[in-house]
file structure_5.tsv (TSV, C-alpha atoms)
chain	number	residue	atom	x	y	z
A	483	MET	CA	20.53	9.45	-7.88
A	484	GLU	CA	22.98	10.51	-10.58
A	485	GLU	CA	22.33	9.02	-13.98
A	486	ASN	CA	25.75	7.34	-14.15
A	487	LYS	CA	25.13	5.60	-10.80
A	488	LYS	CA	22.00	3.84	-12.05
A	489	TRP	CA	22.31	0.10	-12.19
A	490	ARG	CA	22.51	-1.44	-15.63
A	491	GLY	CA	22.86	-5.11	-16.55
A	492	LYS	CA	25.93	-5.96	-18.58
A	493	SER	CA	26.48	-9.18	-20.47
A	494	TYR	CA	30.01	-10.09	-21.48
A	495	GLY	CA	31.40	-12.62	-23.90
A	496	GLY	CA	29.13	-11.96	-26.86
A	497	LYS	CA	27.09	-14.50	-28.78
A	498	TRP	CA	30.05	-16.55	-30.08
A	499	GLY	CA	31.90	-16.56	-26.78
A	500	ASN	CA	28.85	-17.94	-25.02
A	501	LEU	CA	28.28	-20.45	-27.85
A	502	CYS	CA	31.78	-21.86	-27.23
A	503	PHE	CA	30.90	-22.54	-23.59
A	504	VAL	CA	27.54	-24.04	-24.56
A	505	PHE	CA	29.31	-26.34	-27.06
A	506	LEU	CA	31.77	-27.55	-24.41
A	507	LEU	CA	29.04	-28.05	-21.83
A	508	LYS	CA	26.87	-30.00	-24.27
A	509	HIS	CA	29.59	-32.30	-25.56
A	510	PHE	CA	32.24	-32.55	-22.84
A	511	GLY	CA	30.64	-31.38	-19.58
A	512	PRO	CA	31.51	-28.67	-17.06
A	513	CYS	CA	35.20	-29.61	-16.57
A	514	ALA	CA	36.00	-28.84	-20.21
A	515	ALA	CA	34.23	-25.51	-19.86
A	516	TYR	CA	36.29	-24.76	-16.73
A	517	VAL	CA	39.50	-25.22	-18.76
A	518	LEU	CA	38.38	-22.64	-21.34
A	519	LEU	CA	37.29	-20.43	-18.46
A	520	LEU	CA	40.88	-20.25	-17.13
A	521	PHE	CA	41.96	-18.44	-20.29
A	522	VAL	CA	38.84	-16.26	-20.43
A	523	ALA	CA	39.28	-15.21	-16.79
A	524	LEU	CA	42.95	-14.34	-17.48
A	525	TYR	CA	41.92	-12.30	-20.53
A	526	PHE	CA	39.25	-10.42	-18.59
A	527	THR	CA	41.67	-9.70	-15.75
A	528	ALA	CA	44.30	-8.36	-18.12
A	529	PHE	CA	42.26	-6.45	-20.67
A	530	LYS	CA	38.72	-5.63	-19.46
A	531	ARG	CA	39.12	-2.48	-17.39
A	532	THR	CA	35.47	-1.80	-16.49
A	533	PRO	CA	34.80	-5.18	-14.83
A	534	TYR	CA	38.32	-5.04	-13.31
A	535	ARG	CA	37.50	-1.74	-11.61
A	536	ALA	CA	34.10	-3.01	-10.42
A	537	SER	CA	35.64	-6.17	-9.03
A	538	GLY	CA	38.57	-4.28	-7.48
A	539	ASN	CA	36.24	-1.81	-5.80
A	540	TYR	CA	34.47	-4.64	-3.98
A	541	LEU	CA	37.64	-6.63	-3.26
A	542	LYS	CA	39.33	-3.62	-1.62
A	543	ARG	CA	36.44	-3.51	0.82
A	544	ILE	CA	36.23	-7.22	1.60
A	545	LEU	CA	39.97	-7.95	1.68
A	546	GLY	CA	40.97	-4.90	3.68
A	547	LYS	CA	44.68	-5.07	4.48
A	548	GLY	CA	45.06	-8.41	2.75
A	549	ARG	CA	44.59	-6.89	-0.71
A	550	HIS	CA	48.15	-7.27	-2.02
A	551	PHE	CA	48.57	-8.04	-5.71
A	552	MET	CA	45.06	-7.12	-6.76
A	553	PRO	CA	45.22	-8.75	-10.25
A	554	TYR	CA	45.44	-12.16	-8.54
A	555	HIS	CA	42.28	-11.46	-6.52
A	556	VAL	CA	40.42	-10.09	-9.55
A	557	PHE	CA	41.41	-13.22	-11.48
A	558	ARG	CA	40.00	-15.42	-8.71
A	559	HIS	CA	36.86	-13.31	-8.65
A	560	ASN	CA	36.43	-13.68	-12.44
A	561	LEU	CA	37.07	-17.39	-12.14
A	562	ALA	CA	34.46	-17.81	-9.40
A	563	LEU	CA	31.88	-15.94	-11.48
A	564	GLY	CA	32.65	-18.06	-14.54
A	565	ILE	CA	32.42	-21.34	-12.59
A	566	THR	CA	29.05	-20.28	-11.21
A	567	LEU	CA	27.74	-19.40	-14.69
A	568	ILE	CA	28.95	-22.73	-16.09
A	569	ASP	CA	27.42	-24.63	-13.16
A	570	LYS	CA	24.16	-22.75	-13.61
A	571	GLY	CA	23.98	-23.76	-17.28
A	572	ALA	CA	24.90	-27.37	-16.52
A	573	TYR	CA	22.46	-27.62	-13.60
A	574	LEU	CA	19.54	-26.18	-15.56
A	575	ALA	CA	20.34	-28.54	-18.44
A	576	GLY	CA	19.97	-31.47	-16.04
A	577	ASN	CA	23.59	-32.26	-15.13
A	578	LYS	CA	23.37	-34.60	-12.12
A	579	ARG	CA	26.89	-33.98	-10.80
A	580	ILE	CA	25.92	-30.56	-9.51
A	581	LYS	CA	24.12	-30.85	-6.19
A	582	CYS	CA	22.38	-28.31	-4.02
A	583	GLU	CA	21.63	-28.74	-0.35
A	584	ASN	CA	18.88	-26.53	1.04
A	585	LEU	CA	19.57	-25.56	4.66
A	586	CYS	CA	16.46	-23.34	4.63
A	587	GLU	CA	14.10	-26.19	3.89
A	588	ASP	CA	12.50	-26.44	7.35
A	589	MET	CA	12.30	-22.68	7.73
A	590	LEU	CA	10.61	-22.22	4.37
A	591	GLY	CA	8.33	-25.21	4.96
A	592	LYS	CA	7.04	-23.61	8.16
A	593	SER	CA	6.54	-20.26	6.42
A	594	LEU	CA	4.50	-21.91	3.69
A	595	SER	CA	2.34	-23.96	6.07
A	596	GLY	CA	-1.38	-23.28	6.03
A	597	GLY	CA	-1.27	-22.14	2.40
A	598	SER	CA	0.68	-18.93	3.06
A	599	GLY	CA	2.95	-17.47	0.45
A	600	ALA	CA	6.54	-16.51	1.23
A	601	ILE	CA	9.08	-14.00	-0.02
A	602	VAL	CA	12.55	-15.42	-0.67
A	603	LEU	CA	15.22	-12.75	-0.91
A	604	THR	CA	18.69	-13.52	-2.21
A	605	PRO	CA	21.80	-11.39	-2.77
A	606	HIS	CA	24.02	-11.51	-5.85
A	607	VAL	CA	26.08	-14.19	-4.16
A	608	GLY	CA	26.65	-17.65	-5.59
A	609	CYS	CA	23.92	-18.92	-7.87
A	610	ARG	CA	20.34	-17.80	-7.46
A	611	GLU	CA	19.06	-19.94	-10.35
A	612	ILE	CA	20.22	-23.14	-8.64
A	613	ALA	CA	18.42	-22.02	-5.48
A	614	MET	CA	15.22	-21.38	-7.45
A	615	GLU	CA	15.28	-24.92	-8.83
A	616	SER	CA	15.53	-26.27	-5.26
A	617	LEU	CA	12.42	-24.31	-4.31
A	618	LYS	CA	10.40	-26.40	-6.76
A	619	ALA	CA	10.45	-29.17	-4.12
A	620	PHE	CA	7.75	-27.22	-2.25
A	621	CYS	CA	5.27	-27.73	-5.11
A	622	ARG	CA	4.28	-24.08	-5.11
A	623	LYS	CA	4.28	-21.66	-7.99
A	624	ILE	CA	7.50	-19.63	-7.99
A	625	LYS	CA	7.59	-16.12	-9.38
A	626	ILE	CA	10.66	-13.94	-9.72
A	627	LEU	CA	10.27	-10.20	-9.30
A	628	GLY	CA	13.10	-8.58	-11.26
A	629	ILE	CA	14.27	-6.84	-14.38
A	630	GLN	CA	15.46	-8.61	-17.52
A	631	THR	CA	18.83	-7.09	-18.44
A	632	GLU	CA	20.64	-9.87	-20.26
A	633	ASP	CA	21.70	-9.07	-23.81
A	634	GLU	CA	19.00	-10.48	-26.13
A	635	GLN	CA	21.37	-12.50	-28.35
A	636	ILE	CA	23.23	-14.01	-25.39
A	637	ARG	CA	19.95	-14.81	-23.66
A	638	ARG	CA	18.79	-16.73	-26.75
A	639	VAL	CA	22.04	-18.69	-26.90
A	640	LEU	CA	21.83	-19.64	-23.22
A	641	GLU	CA	18.13	-20.50	-23.38
A	642	SER	CA	18.71	-22.75	-26.39
A	643	PHE	CA	20.87	-24.85	-24.06
A	644	ALA	CA	19.01	-24.57	-20.76
A	645	LYS	CA	15.98	-22.50	-19.86
A	646	GLN	CA	14.64	-21.97	-16.38
A	647	ASP	CA	10.95	-22.65	-16.27
A	648	ILE	CA	9.97	-19.96	-13.77
A	649	GLU	CA	7.52	-17.12	-14.30
A	650	SER	CA	8.86	-13.62	-13.86
A	651	ILE	CA	7.25	-10.33	-12.93
A	652	ASP	CA	8.74	-7.25	-14.55
A	653	ALA	CA	9.76	-5.06	-11.62
A	654	SER	CA	9.75	-1.97	-13.81
A	655	SER	CA	6.02	-2.27	-14.61
A	656	PHE	CA	3.40	-0.26	-12.75
A	657	GLY	CA	1.51	-3.34	-11.58
A	658	ALA	CA	4.57	-5.34	-10.44
A	659	LEU	CA	3.87	-5.04	-6.72
A	660	ILE	CA	0.16	-5.67	-7.24
A	661	GLU	CA	0.94	-8.85	-9.20
A	662	SER	CA	3.43	-9.88	-6.52
A	663	TYR	CA	0.81	-9.30	-3.82
A	664	LYS	CA	-1.73	-11.43	-5.69
A	665	ALA	CA	0.84	-14.19	-6.08
A	666	LEU	CA	1.60	-14.17	-2.34
A	667	LYS	CA	-2.11	-14.23	-1.52
A	668	ASN	CA	-2.39	-17.32	-3.74
A	669	GLY	CA	0.30	-19.04	-1.66
A	670	ASP	CA	3.09	-18.69	-4.24
A	671	ILE	CA	6.78	-18.20	-3.51
A	672	LEU	CA	7.96	-14.77	-4.60
A	673	ALA	CA	11.70	-14.52	-5.20
A	674	MET	CA	13.66	-11.30	-5.51
A	675	GLN	CA	17.13	-9.91	-4.96
A	676	PHE	CA	17.67	-7.57	-2.07
A	677	ASP	CA	21.05	-6.04	-2.81
A	678	ARG	CA	20.31	-3.96	-5.87
A	679	ASP	CA	19.29	-0.34	-5.88
A	680	ILE	CA	16.07	-0.49	-7.92
A	681	GLY	CA	12.53	0.68	-7.24
A	682	GLU	CA	11.03	2.65	-4.37
A	683	PRO	CA	10.89	2.89	-1.40
A	684	LYS	CA	14.52	2.57	-0.33
A	685	VAL	CA	16.36	2.37	2.95
A	686	LYS	CA	19.91	3.48	3.69
A	687	THR	CA	22.27	1.23	5.57
A	688	ARG	CA	25.98	0.46	6.07
A	689	PHE	CA	27.58	-2.33	4.10
A	690	LEU	CA	31.30	-3.19	3.86
A	691	GLY	CA	32.31	0.16	5.25
A	692	GLY	CA	30.14	2.40	3.08
A	693	GLU	CA	26.58	3.63	2.86
A	694	VAL	CA	24.24	1.88	0.43
A	695	GLN	CA	20.62	2.28	-0.59
A	696	LEU	CA	18.53	-0.86	-0.78
A	697	PRO	CA	14.95	-1.56	-1.84
A	698	ALA	CA	12.32	-1.91	0.89
A	699	SER	CA	9.17	-2.81	-1.06
A	700	ALA	CA	9.40	-6.44	0.15
A	701	PHE	CA	8.55	-5.25	3.67
A	702	LYS	CA	5.33	-3.65	2.41
A	703	LEU	CA	4.45	-6.83	0.48
A	704	SER	CA	5.12	-8.97	3.53
A	705	GLU	CA	2.95	-6.72	5.68
A	706	VAL	CA	-0.09	-6.55	3.40
A	707	ALA	CA	0.05	-10.16	2.17
A	708	ARG	CA	0.79	-11.47	5.70
A	709	CYS	CA	3.75	-13.64	4.78
A	710	ASP	CA	7.28	-14.30	6.03
A	711	MET	CA	10.43	-12.97	4.38
A	712	ILE	CA	13.31	-15.43	4.15
A	713	TYR	CA	16.73	-13.99	3.37
A	714	CYS	CA	19.13	-16.63	2.08
A	715	ALA	CA	22.05	-17.17	-0.28
A	716	CYS	CA	23.07	-20.07	-2.51
A	717	VAL	CA	26.86	-20.38	-2.22
A	718	ARG	CA	29.29	-22.79	-3.91
A	719	GLU	CA	30.77	-24.83	-1.11
A	720	LYS	CA	33.13	-26.99	-3.16
A	721	LEU	CA	33.36	-28.38	-6.68
A	722	PHE	CA	29.86	-29.22	-7.98
A	723	HIS	CA	28.30	-28.59	-4.58
A	724	TYR	CA	26.08	-25.67	-3.58
A	725	LYS	CA	24.17	-24.98	-0.42
A	726	ILE	CA	21.38	-22.56	0.37
A	727	VAL	CA	22.19	-20.89	3.68
A	728	PRO	CA	19.77	-18.82	5.76
A	729	LEU	CA	20.71	-15.22	6.55
A	730	LEU	CA	17.63	-13.93	8.34
A	731	ILE	CA	13.90	-14.56	8.61
A	732	VAL	CA	11.35	-11.79	9.11
A	733	LYS	CA	8.17	-13.33	10.50
A	734	LYS	CA	4.82	-12.00	9.35
A	735	ASP	CA	3.64	-11.41	12.93
A	736	GLU	CA	6.68	-9.43	14.12
A	737	PRO	CA	5.66	-6.01	15.48
A	738	ARG	CA	6.62	-3.37	12.93
A	739	GLY	CA	7.69	0.06	14.09
A	740	GLU	CA	8.55	3.07	11.96
A	741	ASN	CA	12.16	1.95	11.32
A	742	PHE	CA	11.41	-1.74	10.94
A	743	ALA	CA	12.61	-2.02	7.31
A	744	ALA	CA	15.82	-0.08	8.01
A	745	GLU	CA	16.62	-2.11	11.14
A	746	LYS	CA	16.03	-5.48	9.47
A	747	THR	CA	17.95	-4.42	6.35
A	748	ALA	CA	20.91	-3.39	8.53
A	749	GLU	CA	20.71	-6.75	10.30
A	750	VAL	CA	20.64	-8.77	7.09
A	751	MET	CA	23.53	-6.80	5.58
A	752	LYS	CA	25.62	-7.68	8.64
A	753	CYS	CA	24.76	-11.34	8.09
A	754	LEU	CA	25.74	-10.91	4.44
A	755	GLU	CA	29.09	-9.40	5.44
A	756	LYS	CA	29.79	-12.49	7.57
A	757	LEU	CA	28.86	-14.78	4.68
A	758	LEU	CA	31.10	-12.85	2.29
A	759	ALA	CA	33.99	-13.01	4.74
A	760	GLN	CA	33.88	-16.79	4.25
A	761	ASN	CA	33.10	-16.64	0.51
A	762	LYS	CA	35.04	-13.59	-0.64
A	763	TYR	CA	35.00	-14.33	-4.36
A	764	GLN	CA	31.31	-15.18	-4.63
A	765	TRP	CA	29.92	-11.65	-4.68
A	766	PHE	CA	28.62	-11.00	-8.19
A	767	ASN	CA	27.06	-7.58	-7.91
A	768	PHE	CA	29.36	-5.55	-10.12
A	769	TYR	CA	27.79	-2.23	-9.37
A	770	ASP	CA	29.40	0.55	-7.39
A	771	TYR	CA	26.59	1.63	-5.14
A	772	TRP	CA	28.63	2.64	-2.14
A	773	ASP	CA	28.15	6.24	-1.05
B	726	MET	CA	-23.22	18.22	-7.30
B	727	LYS	CA	-20.59	16.18	-5.47
B	728	ASP	CA	-20.54	12.45	-6.07
B	729	ASN	CA	-20.64	10.77	-2.62
B	730	LEU	CA	-18.72	7.69	-3.68
B	731	THR	CA	-15.89	9.73	-5.21
B	732	GLU	CA	-15.71	11.89	-2.05
B	733	ASP	CA	-15.67	8.75	0.08
B	734	ILE	CA	-12.84	7.33	-2.03
B	735	LYS	CA	-10.80	10.52	-1.67
B	736	SER	CA	-11.10	10.26	2.14
B	737	LYS	CA	-10.09	6.62	2.03
B	738	ILE	CA	-7.09	7.35	-0.20
B	739	ILE	CA	-5.91	9.99	2.27
B	740	SER	CA	-6.39	7.64	5.18
B	741	ALA	CA	-4.86	4.55	3.51
B	742	LEU	CA	-1.79	6.46	2.36
B	743	ASN	CA	-1.56	8.61	5.48
B	744	LEU	CA	-1.31	11.79	3.40
B	745	GLN	CA	-0.49	14.44	5.97
B	746	GLY	CA	-2.04	17.88	5.49
B	747	VAL	CA	-4.24	16.83	2.57
B	748	SER	CA	-8.04	16.99	2.74
B	749	PRO	CA	-10.61	15.63	0.25
B	750	ALA	CA	-11.29	19.23	-0.83
B	751	ASP	CA	-7.67	19.50	-2.05
B	752	ILE	CA	-8.19	16.66	-4.51
B	753	SER	CA	-10.44	17.12	-7.54
B	754	ASP	CA	-12.24	14.16	-9.11
B	755	ASP	CA	-9.80	14.20	-12.01
B	756	THR	CA	-6.55	14.81	-10.12
B	757	PRO	CA	-3.95	12.37	-11.49
B	758	LEU	CA	-2.86	10.13	-8.63
B	759	PHE	CA	0.41	8.96	-10.21
B	760	GLY	CA	3.17	10.66	-12.15
B	761	ASP	CA	4.74	14.07	-11.67
B	762	GLU	CA	1.47	15.98	-11.73
B	763	GLY	CA	-1.22	15.61	-9.08
B	764	LEU	CA	-0.52	13.54	-6.00
B	765	GLY	CA	2.64	11.88	-7.37
B	766	LEU	CA	1.95	8.46	-5.85
B	767	ASP	CA	4.20	5.47	-6.56
B	768	SER	CA	3.76	1.72	-7.07
B	769	VAL	CA	3.82	1.00	-3.31
B	770	ASP	CA	0.93	3.44	-2.93
B	771	ALA	CA	-0.87	1.58	-5.73
B	772	LEU	CA	-0.49	-1.59	-3.68
B	773	GLU	CA	-1.99	0.22	-0.66
B	774	LEU	CA	-4.94	1.27	-2.83
B	775	VAL	CA	-5.49	-2.34	-3.92
B	776	VAL	CA	-5.56	-3.41	-0.27
B	777	MET	CA	-7.91	-0.50	0.54
B	778	LEU	CA	-10.39	-1.61	-2.16
B	779	GLU	CA	-10.30	-5.16	-0.80
B	780	ARG	CA	-10.84	-4.03	2.77
B	781	GLU	CA	-13.41	-1.27	2.26
B	782	TYR	CA	-15.36	-2.50	-0.77
B	783	SER	CA	-14.52	-6.22	-0.96
B	784	ILE	CA	-13.22	-5.71	-4.49
B	785	ASN	CA	-10.26	-7.63	-5.87
B	786	VAL	CA	-8.26	-5.94	-8.59
B	787	SER	CA	-7.51	-9.06	-10.55
B	788	GLU	CA	-6.31	-7.40	-13.76
B	789	GLN	CA	-2.89	-5.96	-12.95
B	790	SER	CA	-2.52	-4.84	-16.56
B	791	THR	CA	-5.37	-2.37	-16.13
B	792	ALA	CA	-4.29	-1.16	-12.67
B	793	LYS	CA	-2.76	2.03	-14.03
B	794	GLU	CA	-6.05	2.94	-15.70
B	795	ILE	CA	-8.16	2.04	-12.64
B	796	PHE	CA	-6.00	4.08	-10.27
B	797	SER	CA	-5.45	7.05	-12.54
B	798	THR	CA	-7.87	9.44	-10.72
B	799	PRO	CA	-10.37	9.33	-7.82
B	800	ALA	CA	-13.17	9.36	-10.43
B	801	SER	CA	-11.74	6.31	-12.23
B	802	ILE	CA	-11.51	4.40	-8.94
B	803	ALA	CA	-15.14	5.33	-8.16
B	804	GLU	CA	-16.17	4.10	-11.59
B	805	TYR	CA	-14.39	0.79	-11.01
B	806	VAL	CA	-16.02	0.42	-7.58
B	807	ARG	CA	-19.48	1.05	-9.08
B	808	LYS	CA	-18.92	-1.64	-11.69
B	809	ASN	CA	-17.47	-4.22	-9.33
B	810	ALA	CA	-19.06	-3.67	-5.90
B	811	LYS	CA	-20.65	-6.82	-4.55
call {"tool": "encode", "arguments": {"input": "structure_5.tsv", "output": "structure tokens"}}
result
Amino acid sequence: MEENKKWRGKSYGGKWGNLCFVFLLKHFGPCAAYVLLLFVALYFTAFKRTPYRASGNYLKRILGKGRHFMPYHVFRHNLALGITLIDKGAYLAGNKRIKCENLCEDMLGKSLSGGSGAIVLTPHVGCREIAMESLKAFCRKIKILGIQTEDEQIRRVLESFAKQDIESIDASSFGALIESYKALKNGDILAMQFDRDIGEPKVKTRFLGGEVQLPASAFKLSEVARCDMIYCACVREKLFHYKIVPLLIVKKDEPRGENFAAEKTAEVMKCLEKLLAQNKYQWFNFYDYWD
Amino acid sequence: MKDNLTEDIKSKIISALNLQGVSPADISDDTPLFGDEGLGLDSVDALELVVMLEREYSINVSEQSTAKEIFSTPASIAEYVRKNAK
């Protein structure tokens, strides 16, 4: 892959910008933070070209012919991202107005029965952190396999307000998959994101009209640790209300042919397309990985 | 003189990773298994090797931090097996 196509995390807003939101959340609640967000989203739409392009690139694909007056759609996209980030902070800090309904509860309960571990795979849709908090109801250890990319100063600001108490496994380390395997063998829940082009091996599939490469290591983990893979997404349904919706389950005992990972990945990306058609502004993967 | 355990491990690496067209004779005791030189294995292969050690020698690699060292060459894996075989 070309160097400039590699995925990099990017934090916006800076330390003081994030401190303003933290101040409002602490003293006035999420609604006050939403008001500030209106102006921030307008500013980002008008003046921040890199995120505008990234957002526009996705919106052209999802909106198709209905993509008239793109600045309006980018503004709504920025607004949806901001609301999700505010809700995440408020939820992790213990705000009781924000609720999350888990529609995968029975499915995950069955996967975890008999002491098995399970792999929970989410896309960059809605709010993963709220979903992770809901998983605590299963009284299992939760580990997140991923890469820390948040700006250090911003991370400190956000963690001073609300910190998620979940162990993470650094996906860039040599032993990441081994540690993940051990966790699954211990009956833990391993969470990861499936729509980002990191790590090997990869599979190619179609998504929103273009070809994308997606990681396939979860299939190997599922096979050797004998555990189910549950694809789901935590979307914002209405104000203060999220729900975790199932996309696809890959059972541990499904027969696995040579193209198993590619076929299942294609299937789950179709499910994701359907979900995005209903939640157009909740895709927060600002990375151009098409073609 | 060839070390039987190291030779056995080479065969099991080839089998576990399904390395087509590679025989134990092609791999020296000190061939690096990972990185650009040697066999060029990746982290998924490392996971396969962990599973192979569990299955064939009943050894659990509990220290993920030392995995890179353990799996660096066939000789280092043999050394680890000798120390930890039950």
call {"tool": "interface_residues", "arguments": {"input": "structure_5.tsv", "of": "chain B", "to": "chain A", "cutoff": "8 Å", "atoms": "only C-alpha atoms", "output": "count of residues only"}}
result
12
call {"tool": "atom_distance", "arguments": {"input": "structure_5.tsv", "atom1": "CA of Tyr554 (chain A)", "atom2": "CA of Thr527 (chain A)"}}
result
8.5 Å
call {"tool": "atom_distance", "arguments": {"input": "structure_5.tsv", "atom1": "CA of Ile648 (chain A)", "atom2": "CA of Val750 (chain A)"}}
result
26.0 Å
call {"tool": "closest_residue", "arguments": {"input": "structure_5.tsv", "among": "B:Asp770, B:Ala803, B:Asn809, B:Ile734", "to": "Asn785 (chain B)", "atoms": "all atoms listed in the file"}}
result
B:Asn809
call {"tool": "atom_distance", "arguments": {"input": "structure_5.tsv", "atom1": "CA of Gly511 (chain A)", "atom2": "CA of Arg718 (chain A)"}}
result
17.9 Å
call {"tool": "closest_residue", "arguments": {"input": "structure_5.tsv", "among": "B:Asp755, B:Ser736, B:Ala750, B:Glu762", "to": "Leu774 (chain B)", "atoms": "all atoms listed in the file"}}
result
B:Ser736
call {"tool": "residues_around", "arguments": {"input": "structure_5.tsv", "residues": "region 689-694 of chain A", "least_positions_apart": "2", "cutoff": "12 Å", "atoms": "only C-alpha atoms", "output": "compact mmCIF listing (two decimals) with C-alpha atoms, in the frame of the given file"}}
result
# COMPACT_ATOMS: atom_id res chain seq x y z
CA MET A 483 20.53 9.45 -7.88
CA LYS A 487 25.13 5.60 -10.80
CA ASN A 539 36.24 -1.81 -5.80
CA TYR A 540 34.47 -4.64 -3.98
CA LEU A 541 37.64 -6.63 -3.26
CA LYS A 542 39.33 -3.62 -1.62
CA ARG A 543 36.44 -3.51 0.82
CA ILE A 544 36.23 -7.22 1.60
CA LEU A 545 39.97 -7.95 1.68
CA GLY A 546 40.97 -4.90 3.68
CA PHE A 676 17.67 -7.57 -2.07
CA ASP A 677 21.05 -6.04 -2.81
CA ARG A 678 20.31 -3.96 -5.87
CA ASP A 679 19.29 -0.34 -5.88
CA ILE A 680 16.07 -0.49 -7.92
CA LYS A 684 14.52 2.57 -0.33
CA VAL A 685 16.36 2.37 2.95
CA LYS A 686 19.91 3.48 3.69
CA THR A 687 22.27 1.23 5.57
CA LEU A 696 18.53 -0.86 -0.78
CA PRO A 697 14.95 -1.56 -1.84
CA ALA A 744 15.82 -0.08 8.01
CA THR A 747 17.95 -4.42 6.35
CA ALA A 748 20.91 -3.39 8.53
CA GLU A 749 20.71 -6.75 10.30
CA VAL A 750 20.64 -8.77 7.09
CA MET A 751 23.53 -6.80 5.58
CA LYS A 752 25.62 -7.68 8.64
CA CYS A 753 24.76 -11.34 8.09
CA LEU A 754 25.74 -10.91 4.44
CA GLU A 755 29.09 -9.40 5.44
CA LYS A 756 29.79 -12.49 7.57
CA LEU A 757 28.86 -14.78 4.68
CA LEU A 758 31.10 -12.85 2.29
CA ALA A 759 33.99 -13.01 4.74
CA LYS A 762 35.04 -13.59 -0.64
CA TYR A 769 27.79 -2.23 -9.37
CA ASP A 770 29.40 0.55 -7.39
CA TYR A 771 26.59 1.63 -5.14
CA TRP A 772 28.63 2.64 -2.14
CA ASP A 773 28.15 6.24 -1.05
call {"tool": "closest_residue", "arguments": {"input": "structure_5.tsv", "among": "A:Leu563, A:Gly571, A:Ile636, A:Ile629", "to": "Trp498 (chain A)", "atoms": "all atoms listed in the file"}}
result
A:Ile636
call {"tool": "closest_residue", "arguments": {"input": "structure_5.tsv", "among": "B:Leu742, B:Val747, B:Ile752, B:Leu730", "to": "Met777 (chain B)", "atoms": "all atoms listed in the file"}}
result
B:Leu742
